Structures are given as C-alpha cells and as structure tokens.
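**Q** Have a peek at final.csv (CSV, C-alpha atoms and all ligand atoms).
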```
chain,number,residue,atom,x,y,z
A,1,MET,CA,144.0,115.8,61.1
A,2,PRO,CA,147.2,113.7,61.3
A,3,HIS,CA,147.3,110.6,63.4
A,4,PRO,CA,150.0,110.9,66.1
A,5,MET,CA,151.0,107.2,65.8
A,6,THR,CA,152.8,105.7,62.8
A,7,ALA,CA,151.5,102.7,60.9
A,8,PRO,CA,154.2,100.3,62.4
A,9,GLN,CA,153.2,101.6,65.9
A,10,ILE,CA,149.5,100.9,65.2
A,11,LEU,CA,150.3,97.4,64.0
A,12,ASP,CA,152.4,96.7,67.1
A,13,ARG,CA,149.5,97.9,69.3
A,14,GLU,CA,146.7,96.1,67.4
A,15,PHE,CA,148.2,93.0,65.9
A,16,LEU,CA,147.0,90.6,68.6
A,17,GLU,CA,143.6,92.3,68.6
A,18,ILE,CA,143.2,91.9,64.9
A,19,ARG,CA,144.4,88.3,65.1
A,20,ALA,CA,141.8,87.6,67.9
A,21,LYS,CA,139.0,89.1,65.8
A,22,LEU,CA,139.9,87.0,62.8
A,23,LEU,CA,139.9,83.9,65.0
A,24,GLU,CA,136.5,84.8,66.3
A,25,LEU,CA,135.2,85.0,62.7
A,26,ALA,CA,136.8,81.7,61.7
A,27,ALA,CA,135.4,80.0,64.8
A,28,SER,CA,131.9,81.4,64.0
A,29,PHE,CA,132.1,80.1,60.4
A,30,ASP,CA,133.3,76.6,61.7
A,31,ARG,CA,130.4,76.5,64.2
A,32,LEU,CA,127.9,77.2,61.4
A,33,ASP,CA,129.5,74.4,59.3
A,34,ARG,CA,129.4,71.9,62.1
A,35,ALA,CA,125.8,72.6,63.0
A,36,GLN,CA,122.8,70.8,61.5
A,37,GLY,CA,120.8,72.5,58.8
A,38,THR,CA,122.0,75.0,56.3
A,39,VAL,CA,122.0,78.8,55.9
A,40,SER,CA,122.8,78.9,52.2
A,41,GLY,CA,120.2,81.0,50.5
A,42,ASP,CA,119.8,83.2,53.7
A,43,SER,CA,120.4,86.8,52.6
A,44,ARG,CA,122.4,87.5,55.8
A,45,GLU,CA,124.9,84.8,54.6
A,46,SER,CA,125.5,86.6,51.3
A,47,LEU,CA,125.8,90.0,53.2
A,48,ILE,CA,128.6,88.4,55.2
A,49,GLN,CA,130.3,87.2,52.1
A,50,GLU,CA,130.0,90.7,50.6
A,51,GLY,CA,131.4,92.1,53.8
A,52,LEU,CA,134.5,89.9,53.6
A,53,LYS,CA,135.2,91.2,50.2
A,54,ILE,CA,135.1,94.8,51.5
A,55,LEU,CA,137.6,93.9,54.2
A,56,GLN,CA,140.0,92.5,51.6
A,57,SER,CA,139.8,95.7,49.4
A,58,ASP,CA,142.4,98.4,49.9
A,59,ASP,CA,139.9,101.3,49.9
A,60,PRO,CA,140.4,103.8,52.7
A,61,ASN,CA,136.8,103.8,53.9
A,62,ARG,CA,136.1,100.1,54.6
A,63,ALA,CA,134.2,100.8,57.8
A,64,GLU,CA,131.8,103.2,56.0
A,65,GLN,CA,131.3,100.7,53.2
A,66,LEU,CA,130.5,97.9,55.6
A,67,GLN,CA,128.0,100.1,57.3
A,68,LEU,CA,126.3,100.9,54.0
A,69,LEU,CA,126.3,97.2,53.1
A,70,PHE,CA,124.2,96.4,56.2
A,71,SER,CA,121.8,99.4,55.7
A,72,ARG,CA,118.4,99.7,54.3
A,73,GLN,CA,118.2,101.8,51.1
A,74,TYR,CA,117.3,105.4,51.3
A,75,ASP,CA,114.7,106.7,48.8
A,76,GLU,CA,114.9,110.4,48.3
A,77,ASN,CA,111.2,110.5,47.4
A,78,TRP,CA,110.1,109.1,50.7
A,79,ARG,CA,108.1,112.2,51.6
A,80,GLN,CA,105.9,111.9,48.5
A,81,ASN,CA,105.5,108.1,49.2
A,82,PHE,CA,104.3,109.0,52.7
A,83,SER,CA,102.2,112.0,51.4
A,84,LEU,CA,104.0,114.2,53.9
B,1,MET,CA,140.1,115.7,83.2
B,2,TYR,CA,136.7,117.2,83.5
B,3,TYR,CA,134.1,116.1,81.1
B,4,PHE,CA,130.4,116.6,80.4
B,5,ASP,CA,128.2,113.7,79.2
B,6,PRO,CA,125.8,115.2,76.5
B,7,HIS,CA,123.5,112.2,76.4
B,8,ILE,CA,122.9,109.9,79.3
B,9,HIS,CA,119.7,108.4,80.7
B,10,MET,CA,120.2,108.8,84.4
B,11,VAL,CA,116.7,107.7,85.4
B,12,SER,CA,117.9,104.2,84.5
B,13,ARG,CA,121.0,104.4,86.6
B,14,THR,CA,121.6,104.0,90.3
B,15,THR,CA,122.7,106.7,92.7
B,16,ASP,CA,126.0,104.7,92.9
B,17,ASP,CA,126.5,105.5,89.2
B,18,TYR,CA,126.2,109.2,89.9
B,19,GLU,CA,129.0,108.8,92.5
B,20,THR,CA,131.1,106.8,90.1
B,21,LEU,CA,130.7,109.4,87.3
B,22,SER,CA,131.7,112.2,89.8
B,23,ARG,CA,134.8,110.2,90.7
B,24,MET,CA,135.7,109.9,87.0
B,25,GLY,CA,135.7,113.6,86.3
B,26,CYS,CA,132.1,114.0,85.1
B,27,VAL,CA,130.9,117.5,86.0
B,28,GLY,CA,127.5,117.4,84.4
B,29,MET,CA,125.2,115.7,82.0
B,30,SER,CA,122.3,116.3,79.7
B,31,GLU,CA,119.5,113.7,79.8
B,32,PRO,CA,117.0,113.5,76.9
B,33,ALA,CA,113.6,112.1,77.4
B,34,PHE,CA,113.3,108.6,75.8
B,35,TRP,CA,111.5,105.3,75.8
B,36,ALA,CA,111.1,103.5,79.1
B,37,GLY,CA,111.2,100.0,77.7
B,38,PHE,CA,107.4,99.8,77.5
B,39,ASP,CA,104.8,102.1,76.0
B,40,ARG,CA,103.2,104.5,78.5
B,41,GLY,CA,99.5,104.6,78.7
B,42,SER,CA,98.6,108.3,79.0
B,43,VAL,CA,99.8,111.8,78.9
B,44,GLU,CA,99.9,111.9,82.7
B,45,SER,CA,102.6,109.2,82.6
B,46,PHE,CA,104.7,111.6,80.6
B,47,ARG,CA,103.9,114.5,83.0
B,48,ASP,CA,105.3,112.5,85.9
B,49,TYR,CA,108.3,111.5,83.8
B,50,PHE,CA,109.0,115.1,83.0
B,51,ARG,CA,108.8,116.0,86.7
B,52,GLN,CA,111.3,113.2,87.4
B,53,LEU,CA,113.6,114.6,84.8
B,54,THR,CA,113.3,118.3,85.7
B,55,ASP,CA,113.2,117.9,89.5
B,56,PHE,CA,114.2,114.6,91.1
B,57,GLU,CA,117.2,113.7,88.8
B,58,LYS,CA,118.6,117.2,89.3
B,59,LYS,CA,118.6,116.7,93.1
B,60,ARG,CA,120.0,113.2,92.9
B,61,ALA,CA,122.9,114.5,90.7
B,62,GLY,CA,123.5,117.5,92.9
B,63,GLN,CA,124.4,115.3,95.8
B,64,PHE,CA,127.6,114.5,94.0
B,65,GLY,CA,128.3,118.0,92.7
B,66,LEU,CA,127.0,117.0,89.2
B,67,GLN,CA,124.9,119.5,87.2
B,68,HIS,CA,121.9,117.8,85.5
B,69,PHE,CA,120.1,119.2,82.5
B,70,THR,CA,117.3,117.7,80.4
B,71,TRP,CA,115.3,117.6,77.2
B,72,LEU,CA,111.6,116.9,76.7
B,73,CYS,CA,109.6,115.1,74.0
B,74,ILE,CA,107.8,111.9,73.2
B,75,ASN,CA,110.3,109.5,71.8
B,76,ALA,CA,110.3,107.9,68.3
B,77,LYS,CA,109.0,104.6,69.5
B,78,GLU,CA,105.9,105.9,71.2
B,79,ALA,CA,105.4,108.4,68.4
B,80,GLU,CA,103.8,105.5,66.5
B,81,ASN,CA,100.8,106.5,68.7
B,82,VAL,CA,99.9,109.8,67.0
B,83,SER,CA,97.0,110.9,69.3
B,84,LEU,CA,99.0,110.3,72.5
B,85,SER,CA,102.0,112.1,70.9
B,86,ARG,CA,99.9,115.1,70.2
B,87,GLU,CA,98.7,115.3,73.8
B,88,VAL,CA,102.3,115.1,75.0
B,89,ILE,CA,103.5,117.8,72.6
B,90,LYS,CA,100.7,120.1,73.8
B,91,MET,CA,101.7,119.6,77.4
B,92,ILE,CA,105.5,120.1,76.9
B,93,PRO,CA,105.4,124.0,77.1
B,94,GLU,CA,104.3,123.8,80.8
B,95,PHE,CA,107.9,122.7,81.4
B,96,LEU,CA,110.0,124.8,79.0
B,97,ASP,CA,110.8,127.6,81.4
B,98,ILE,CA,112.1,125.4,84.1
B,99,PRO,CA,115.8,126.0,84.7
B,100,GLY,CA,117.8,123.1,83.2
B,101,VAL,CA,115.4,122.3,80.4
B,102,LEU,CA,117.6,122.7,77.3
B,103,GLY,CA,115.1,122.0,74.5
B,104,ILE,CA,113.2,119.3,72.6
B,105,GLY,CA,114.7,115.8,72.5
B,106,GLU,CA,115.5,113.1,71.9
B,107,ILE,CA,113.1,113.2,68.9
B,108,GLY,CA,113.8,111.1,65.8
B,109,LEU,CA,112.9,108.0,64.0
B,110,ASN,CA,113.0,104.4,65.1
B,111,LYS,CA,111.6,102.2,62.2
B,112,ASN,CA,111.3,105.2,59.8
B,113,THR,CA,107.6,105.0,59.5
B,114,LYS,CA,105.0,107.6,58.4
B,115,ASN,CA,103.7,108.1,61.9
B,116,GLU,CA,107.2,108.6,63.4
B,117,SER,CA,107.9,111.2,60.6
B,118,THR,CA,104.6,113.0,61.3
B,119,ILE,CA,105.3,113.4,65.0
B,120,PHE,CA,108.9,114.4,64.2
B,121,LEU,CA,107.7,117.2,62.1
B,122,GLU,CA,105.2,118.3,64.8
B,123,HIS,CA,108.1,118.4,67.3
B,124,LEU,CA,110.1,120.6,64.9
B,125,GLU,CA,107.0,122.9,64.8
B,126,LEU,CA,107.0,123.1,68.7
B,127,ALA,CA,110.8,123.8,68.7
B,128,ALA,CA,110.5,126.5,66.1
B,129,ASN,CA,107.5,128.2,67.9
B,130,TYR,CA,109.3,128.2,71.2
B,131,GLU,CA,112.8,128.8,69.8
B,132,GLN,CA,114.1,125.6,71.4
B,133,GLN,CA,117.3,123.7,70.7
B,134,ILE,CA,116.8,120.2,69.4
B,135,LEU,CA,118.5,116.9,70.3
B,136,ILE,CA,117.9,114.0,67.8
B,137,HIS,CA,117.9,110.2,68.1
B,138,THR,CA,118.9,108.4,64.9
B,139,PRO,CA,117.8,104.8,64.4
B,140,HIS,CA,120.1,101.9,65.0
B,141,LEU,CA,121.6,99.1,62.8
B,142,GLU,CA,120.0,98.6,59.4
B,143,ASP,CA,117.6,101.6,59.9
B,144,LYS,CA,120.2,104.2,60.7
B,145,TYR,CA,121.3,105.3,57.3
B,146,GLN,CA,117.8,105.6,55.8
B,147,GLY,CA,116.5,107.2,59.0
B,148,THR,CA,119.3,109.7,59.3
B,149,ARG,CA,118.8,110.8,55.7
B,150,MET,CA,115.1,111.2,56.3
B,151,ILE,CA,115.8,113.3,59.4
B,152,LEU,CA,118.2,115.5,57.5
B,153,ASP,CA,115.6,116.0,54.8
B,154,MET,CA,113.0,117.2,57.4
B,155,LEU,CA,115.5,119.4,59.2
B,156,CYS,CA,116.8,121.0,56.0
B,157,GLY,CA,113.2,121.4,54.8
B,158,ASP,CA,112.4,123.8,57.7
B,159,ARG,CA,114.1,127.1,57.1
B,160,ARG,CA,113.3,128.4,60.5
B,161,LEU,CA,115.8,126.0,62.2
B,162,ASP,CA,119.3,127.2,63.0
B,163,HIS,CA,121.5,124.1,62.2
B,164,HIS,CA,124.0,125.1,64.9
B,165,ARG,CA,121.3,124.6,67.5
B,166,VAL,CA,120.6,121.0,66.5
B,167,LEU,CA,122.5,118.0,67.8
B,168,VAL,CA,122.2,114.7,65.7
B,169,ASP,CA,123.1,111.8,68.0
B,170,HIS,CA,124.3,108.2,67.4
B,171,VAL,CA,126.2,109.1,64.2
B,172,GLU,CA,128.5,106.3,62.9
B,173,GLU,CA,130.9,106.0,59.9
B,174,HIS,CA,128.1,106.2,57.3
B,175,THR,CA,126.1,109.0,58.7
B,176,ILE,CA,128.6,111.5,60.3
B,177,ARG,CA,129.6,113.2,57.1
B,178,PRO,CA,126.2,114.4,55.9
B,179,VAL,CA,125.3,115.6,59.4
B,180,LEU,CA,128.5,117.7,59.8
B,181,GLU,CA,128.4,118.9,56.1
B,182,LYS,CA,124.9,120.4,56.7
B,183,GLY,CA,126.1,122.4,59.7
B,184,PHE,CA,124.6,120.3,62.5
B,185,TRP,CA,126.4,119.1,65.6
B,186,ALA,CA,127.0,115.4,65.8
B,187,GLY,CA,127.2,113.0,68.7
B,188,MET,CA,128.9,109.6,68.8
B,189,THR,CA,127.3,107.2,71.3
B,190,LEU,CA,129.6,104.6,72.8
B,191,TYR,CA,128.1,101.2,73.5
B,192,PRO,CA,129.8,98.1,74.9
B,193,VAL,CA,128.3,95.9,72.3
B,194,SER,CA,127.1,96.1,68.6
B,195,LYS,CA,127.4,99.9,68.1
B,196,CYS,CA,130.2,102.5,68.2
B,197,THR,CA,133.3,101.8,70.3
B,198,PRO,CA,135.7,104.3,71.9
B,199,GLN,CA,138.2,103.2,69.2
B,200,ARG,CA,135.9,103.9,66.3
B,201,ALA,CA,134.9,107.2,67.9
B,202,ALA,CA,138.5,108.2,68.1
B,203,ASP,CA,138.9,107.2,64.4
B,204,MET,CA,136.1,109.6,63.5
B,205,VAL,CA,137.6,112.5,65.4
B,206,GLU,CA,140.9,111.9,63.5
B,207,MET,CA,139.0,111.7,60.2
B,208,TYR,CA,136.6,114.6,60.6
B,209,GLY,CA,138.4,116.8,63.2
B,210,PRO,CA,136.9,118.0,66.5
B,211,GLU,CA,134.6,120.8,65.4
B,212,ARG,CA,130.9,120.2,66.3
B,213,LEU,CA,131.6,116.7,67.5
B,214,MET,CA,130.8,115.2,70.9
B,215,VAL,CA,130.9,111.7,72.5
B,216,ASN,CA,128.3,110.3,74.9
B,217,SER,CA,127.6,107.1,76.8
B,218,ALA,CA,123.7,106.9,76.4
B,219,GLY,CA,123.8,104.9,79.7
B,220,ASP,CA,120.3,103.7,79.3
B,221,TRP,CA,118.4,100.7,80.7
B,222,GLY,CA,119.9,98.3,78.1
B,223,PRO,CA,123.4,97.1,78.0
B,224,SER,CA,125.4,100.3,78.2
B,225,LYS,CA,128.3,101.7,80.2
B,226,PRO,CA,127.8,105.1,81.9
B,227,THR,CA,131.5,105.6,82.1
B,228,ALA,CA,132.1,105.2,78.4
B,229,VAL,CA,133.3,108.8,77.9
B,230,PRO,CA,136.3,108.2,80.2
B,231,ASP,CA,137.1,105.1,78.0
B,232,PHE,CA,137.2,107.4,75.0
B,233,ILE,CA,139.5,109.8,76.9
B,234,VAL,CA,141.9,107.0,77.7
B,235,GLU,CA,141.8,105.7,74.0
B,236,MET,CA,142.7,109.2,72.8
B,237,ARG,CA,145.6,109.5,75.3
B,238,ARG,CA,146.9,106.0,74.3
B,239,ARG,CA,147.1,107.3,70.7
B,240,GLY,CA,149.1,110.3,71.8
B,241,HIS,CA,146.5,113.0,71.2
B,242,SER,CA,146.9,116.3,73.0
B,243,GLU,CA,144.9,117.0,76.2
B,244,SER,CA,143.6,120.2,74.6
B,245,LEU,CA,142.1,118.2,71.7
B,246,ILE,CA,140.5,115.7,74.1
B,247,ARG,CA,139.2,118.5,76.3
B,248,LYS,CA,137.6,120.2,73.3
B,249,VAL,CA,135.6,117.1,72.4
B,250,VAL,CA,134.5,116.1,75.9
B,251,TYR,CA,134.1,119.4,77.7
B,252,GLU,CA,134.4,122.6,75.6
B,253,ASN,CA,132.2,121.4,72.7
B,254,PRO,CA,129.3,120.5,75.1
B,255,MET,CA,129.7,123.9,76.8
B,256,GLU,CA,129.5,125.6,73.4
B,257,PHE,CA,126.5,123.7,72.1
B,258,PHE,CA,124.4,123.7,75.3
B,259,GLY,CA,125.4,127.3,76.1
B,260,GLN,CA,123.1,128.3,73.3
B,261,SER,CA,120.2,127.3,75.4
B,262,GLN,CA,118.9,130.1,77.8
B,263,ASN,CA,118.2,127.5,80.5
B,264,PHE,CA,121.8,126.2,80.6
B,265,GLN,CA,123.1,127.9,83.8
B,266,PHE,CA,126.3,126.0,84.2
B,267,THR,CA,128.8,126.7,87.0
B,268,PRO,CA,132.3,125.6,85.8
B,269,PRO,CA,134.3,123.6,88.4
B,270,ASP,CA,136.4,126.2,90.1
B,271,VAL,CA,139.6,124.1,90.5
B,272,PRO,CA,142.1,124.9,87.8
B,273,GLU,CA,142.2,122.1,85.2
B,274,THR,CA,146.0,121.6,85.6
B,275,ILE,CA,145.7,120.5,89.2
B,276,THR,CA,143.5,117.5,88.4
B,277,GLU,CA,145.6,116.3,85.4
B,278,THR,CA,148.4,113.8,85.7
C,1,ZN,ZN,119.1,108.2,74.2
```
Using structure tokens, write down the structure that the file contains.
Ligand SMILES: [Zn+2]
**A**
Amino acid sequence: MPHPMTAPQILDREFLEIRAKLLELAASFDRLDRAQGTVSGDSRESLIQEGLKILQSDDPNRAEQLQLLFSRQYDENWRQNFSL
Amino acid sequence: MYYFDPHIHMVSRTTDDYETLSRMGCVGMSEPAFWAGFDRGSVESFRDYFRQLTDFEKKRAGQFGLQHFTWLCINAKEAENVSLSREVIKMIPEFLDIPGVLGIGEIGLNKNTKNESTIFLEHLELAANYEQQILIHTPHLEDKYQGTRMILDMLCGDRRLDHHRVLVDHVEEHTIRPVLEKGFWAGMTLYPVSKCTPQRAADMVEMYGPERLMVNSAGDWGPSKPTAVPDFIVEMRRRGHSESLIRKVVYENPMEFFGQSQNFQFTPPDVPETITET
C-alpha cells in the first residue's frame, strides 16, 4: 500500500520529533554516566548497544528487528517440553 | 467519523468516559473479560463479574447511545490457578445465550507457562463445543513474541477452529505477520506508554493493508487512553489517507468480524455518514 506522503514531507513533519527522541536518549546515557555505580555487565546494557546498531543499519524493518532483540526466544518444541 | 472500539475494558472507566466516547464518534464497543488487578477468590466472583459485563455495562453504555458487547473467560493471569479456571469454564455456558455475548475472550498467555497453556486449550475446547468466536490476549514486552507463536501453534493445532472467527489482539511489528498469514484477524492496541502508538499502528496499516486489521484502546485500569482510536483516526488523516480506508479499519472491519457472532445485534447509526464528516 503506497504512503500518501513523500519522504521529504515525512522528514519535514518528523524532524523535530526525531531530534527530540535522540536528545532523550543522549540525556539518559549521560544520566547513567553521572550516577554512582556501574551497569557494565548488565545484560540490558548490551541489549541497548545492540539496539543502537539496529537503528544505524539501513534495513527496511528496523522496528521489527528491535522488537525481536527485546524478545524471549521461541522454542518450537515447547509443547513436548510441557508434555501438552 | 463513527467508530467501534473492539477491545475496551469499560468496567474500569467512569460514566463520564462513556459520554466522552459518544462525543468522539464511538457507536459501540466490545469488552473482553480480563484481570481485575488482583486474583479473585472464587467462581462466584466471576459469576458476578459476568453479570456486570452482560447487564450493568450494557445499561450504562446505553445511556449515551452506545451499544455494548462482551466476551467471557478466565484471563491468562488467573489461569495459573487451574482448578478455579476449570470451575469458571464450566460456568460460562450459563451466559452464552445472552444477547451481546460475542464469544470466549480474552483468553491467551501472560508468562507463557504450562498452566496458562493448559487452560488456553480448555477454553478452545469450550469455544469449539459451543461454536463461539474467540478473542485472544497476547503477552506484553519480552514475552509477546514467544507467547504469540505458542498461541498460534495451539490455534493451528485445532482443526475445528475457523481462523476467520478468531481475533488475535495486541499485535506489534514482530507478531502481526504470522497472525495475518495464518488467516486470523489482528488487533493493534494503542497505549500512551511503552506499547503500540497511533503512529506505529498507522505504519502497520500501510505495510500490511487494512484487511482483517483493527485498532483498539484497551482502556483498562492501568495507564491507558479510552479515546486512543480517535487519535489513530487523526494520525491517518494527517498522513493523507482516505476516509474510506480509515472507516474500513475503525468501523467496517469490526462490523464484519463481530457480525459473525449470532449475539451481535447491532443497530447502525441512522444518520448518513457524510453529515457528520468535515
Ligand atoms: Zn484487554
């Protein structure tokens, strides 16, 4: 299904929103750095780093990939494992 | 524009919310049975809840010209209690002939456990035996992908079920494709925080087309916005989508899906659509 808006129109509409979301992320990372203690070694920290890589790729389905990154694995033998 | 909210928990909302929904173009809603925020102690608790859903909410909605429909089950969270769940499932047929009861829902998974799966399968049995439509809750956040795949395995493993009479709700970018590919209906649930937004729902309509796709507000007792469907309508308009496409998703699709239930006696608003549109 075609999108009625062109890419330049979408960028015009969303540029400030994207900018604001990037700033929120940057401020969150700064806040983590300023605080006492460390989160290195926390698995969520490495998920975030992986997520940033997905954002920088030019694949067409980045939202779906991010969702899968933050998902538990599906095992197709689950019924046998549950004896169901 | 008229719309129908396919999944909203009105027992958690005030009468003022009914009035607001009416003002915003809502003409009706379907309310699945769900978790009250605490585990109920007995089957009698559920019987009272079902009376509230089938009787009181219908009257409350009717005051504002809204048509209220409902679905019955024991939700995935309380399904962890297998013996209570079986008592509730046994009691549900008492309510299935009441006008406005559309089927079994929202059944599903929460933490994707064995007990939840057992009770899910027993609900499917009930639905098949009474030829009921099914409305499904898929888990949230990190459990959604795994849980949705497990649910699809169980649905596809039961040859008695007609996929076109099953609605799988709370789909997101990583679960919508398998749901639609297997012939089920899919619902996108709009939340103000952490889950699907009106923008991302509009993206999914653009990517997958409007067939067998609906949007709902959930509007439960947690942070949620009962008027989220109008937000989706506005987002679609801002993008330049046609009124006919928007109407298909928010009105015609619910009519087509719910219309398959014999207890869906819906009176369409008699004012021609064009008069209310700007
Ligand atoms: Zn719900």
**Q** So that I can check the surroundings of Arg44 in chain A, please list as a PyMOL selection string every protein, DNA and RNA residue that reaches within 12 Å of it, counting only C-alpha atoms and ignoring chain neighbours fewer than 5 positions away.
**A** (chain A and resi 39+49-51+69-71) or (chain B and resi 142)
**Q** Could you tell me how far CA of Thr70 in chain B lies from CA of Gln265 in chain B, in Å and to one decimal?
**A** 12.2 Å
**Q** With a cut-off of 7 Å and counting all atoms listed in the file, select all residues of chain B in contact with chain A and give the selection as JSON, numbers by chain.
**A** {"B": [114, 142, 143, 145, 146, 173, 174, 206, 207, 209, 239, 240, 241]}
**Q** Can you tell me which residues come within 10 Å of ligand ZN 1 (chain C) when counting all atoms listed in the file, ideally as a PDB file with C-alpha atoms, in the frame of the given file?
**A**
```pdb
ATOM      1  CA  PRO B   6     125.800 115.200  76.500  1.00  0.00           C
ATOM      2  CA  HIS B   7     123.500 112.200  76.400  1.00  0.00           C
ATOM      3  CA  ILE B   8     122.900 109.900  79.300  1.00  0.00           C
ATOM      4  CA  HIS B   9     119.700 108.400  80.700  1.00  0.00           C
ATOM      5  CA  GLU B  31     119.500 113.700  79.800  1.00  0.00           C
ATOM      6  CA  PRO B  32     117.000 113.500  76.900  1.00  0.00           C
ATOM      7  CA  ALA B  33     113.600 112.100  77.400  1.00  0.00           C
ATOM      8  CA  PHE B  34     113.300 108.600  75.800  1.00  0.00           C
ATOM      9  CA  TRP B  35     111.500 105.300  75.800  1.00  0.00           C
ATOM     10  CA  ASN B  75     110.300 109.500  71.800  1.00  0.00           C
ATOM     11  CA  GLY B 105     114.700 115.800  72.500  1.00  0.00           C
ATOM     12  CA  GLU B 106     115.500 113.100  71.900  1.00  0.00           C
ATOM     13  CA  ILE B 107     113.100 113.200  68.900  1.00  0.00           C
ATOM     14  CA  LEU B 135     118.500 116.900  70.300  1.00  0.00           C
ATOM     15  CA  ILE B 136     117.900 114.000  67.800  1.00  0.00           C
ATOM     16  CA  HIS B 137     117.900 110.200  68.100  1.00  0.00           C
ATOM     17  CA  THR B 138     118.900 108.400  64.900  1.00  0.00           C
ATOM     18  CA  ASP B 169     123.100 111.800  68.000  1.00  0.00           C
ATOM     19  CA  HIS B 170     124.300 108.200  67.400  1.00  0.00           C
ATOM     20  CA  THR B 189     127.300 107.200  71.300  1.00  0.00           C
ATOM     21  CA  ASN B 216     128.300 110.300  74.900  1.00  0.00           C
ATOM     22  CA  SER B 217     127.600 107.100  76.800  1.00  0.00           C
ATOM     23  CA  ALA B 218     123.700 106.900  76.400  1.00  0.00           C
ATOM     24  CA  GLY B 219     123.800 104.900  79.700  1.00  0.00           C
ATOM     25  CA  ASP B 220     120.300 103.700  79.300  1.00  0.00           C
ATOM     26  CA  TRP B 221     118.400 100.700  80.700  1.00  0.00           C
TER      27      TRP B 221
END
```
**Q** For Ser22 in chain B, which residue among B:Pro269, B:Arg40, B:Val82, B:Met236 is the nearest when counting only C-alpha atoms?
**A**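 Comparing B:Pro269, B:Arg40, B:Val82, B:Met236 against Ser22 in chain B, the winner is B:Pro269.
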**Q** Kindly indicate which residue among B:Arg13, B:Lys225, B:Arg165, B:Arg86 lies nearest to Leu190 in chain B, using all atoms listed in the file for the distances.
**A**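 Of B:Arg13, B:Lys225, B:Arg165, B:Arg86, the one nearest Leu190 in chain B is B:Lys225, counting all atoms listed in the file.
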**Q** Tell me, in Å to one decimal, how far CA of Ala186 in chain B is from CA of Leu213 in chain B.
**A** 5.1 Å
**Q** The residues within 12 Å of (98.2, 118.3, 76.3), using all atoms listed in the file and the coordinates of the file, should be reported as a ChimeraX atom specification; which are they?
**A** /B:42-47,74,83-95
**Q** I need the residue nearest Asn115 in chain B from this list: B:Asp153, B:Glu131, B:Glu80, B:Asp231. Use all atoms listed in the file for the distance.
**A**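 Nearest to Asn115 in chain B: B:Glu80.
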**Q** CA of Pro254 in chain B to CA of Met214 in chain B: how many Å, to one decimal?
**A**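 Atom-to-atom, CA of Pro254 in chain B and CA of Met214 in chain B are spaced 6.9 Å apart.
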**Q** Restricting the calculation to all atoms listed in the file: of B:Val101, B:Leu66, B:Ala128, B:Ile134, which residue gets closest to Gly28 in chain B?
**A** B:Leu66
**Q** Which neighbours of Asn253 in chain B fall inside 12 Å, counting all atoms listed in the file, when residues of the same chain fewer than 5 positions from it are skipped, and could you give them as a compact mmCIF listing (two decimals) with C-alpha atoms, in the coordinates of the input?
**A**
```txt
# COMPACT_ATOMS: atom_id res chain seq x y z
CA TYR B 3 134.10 116.10 81.10
CA PHE B 4 130.40 116.60 80.40
CA ASP B 5 128.20 113.70 79.20
CA PRO B 6 125.80 115.20 76.50
CA HIS B 164 124.00 125.10 64.90
CA LEU B 167 122.50 118.00 67.80
CA TRP B 185 126.40 119.10 65.60
CA ALA B 186 127.00 115.40 65.80
CA GLY B 187 127.20 113.00 68.70
CA PRO B 210 136.90 118.00 66.50
CA GLU B 211 134.60 120.80 65.40
CA ARG B 212 130.90 120.20 66.30
CA LEU B 213 131.60 116.70 67.50
CA MET B 214 130.80 115.20 70.90
CA VAL B 215 130.90 111.70 72.50
CA ASN B 216 128.30 110.30 74.90
CA SER B 244 143.60 120.20 74.60
CA LEU B 245 142.10 118.20 71.70
CA ILE B 246 140.50 115.70 74.10
CA ARG B 247 139.20 118.50 76.30
CA LYS B 248 137.60 120.20 73.30
CA PHE B 258 124.40 123.70 75.30
CA GLY B 259 125.40 127.30 76.10
CA GLN B 260 123.10 128.30 73.30
```
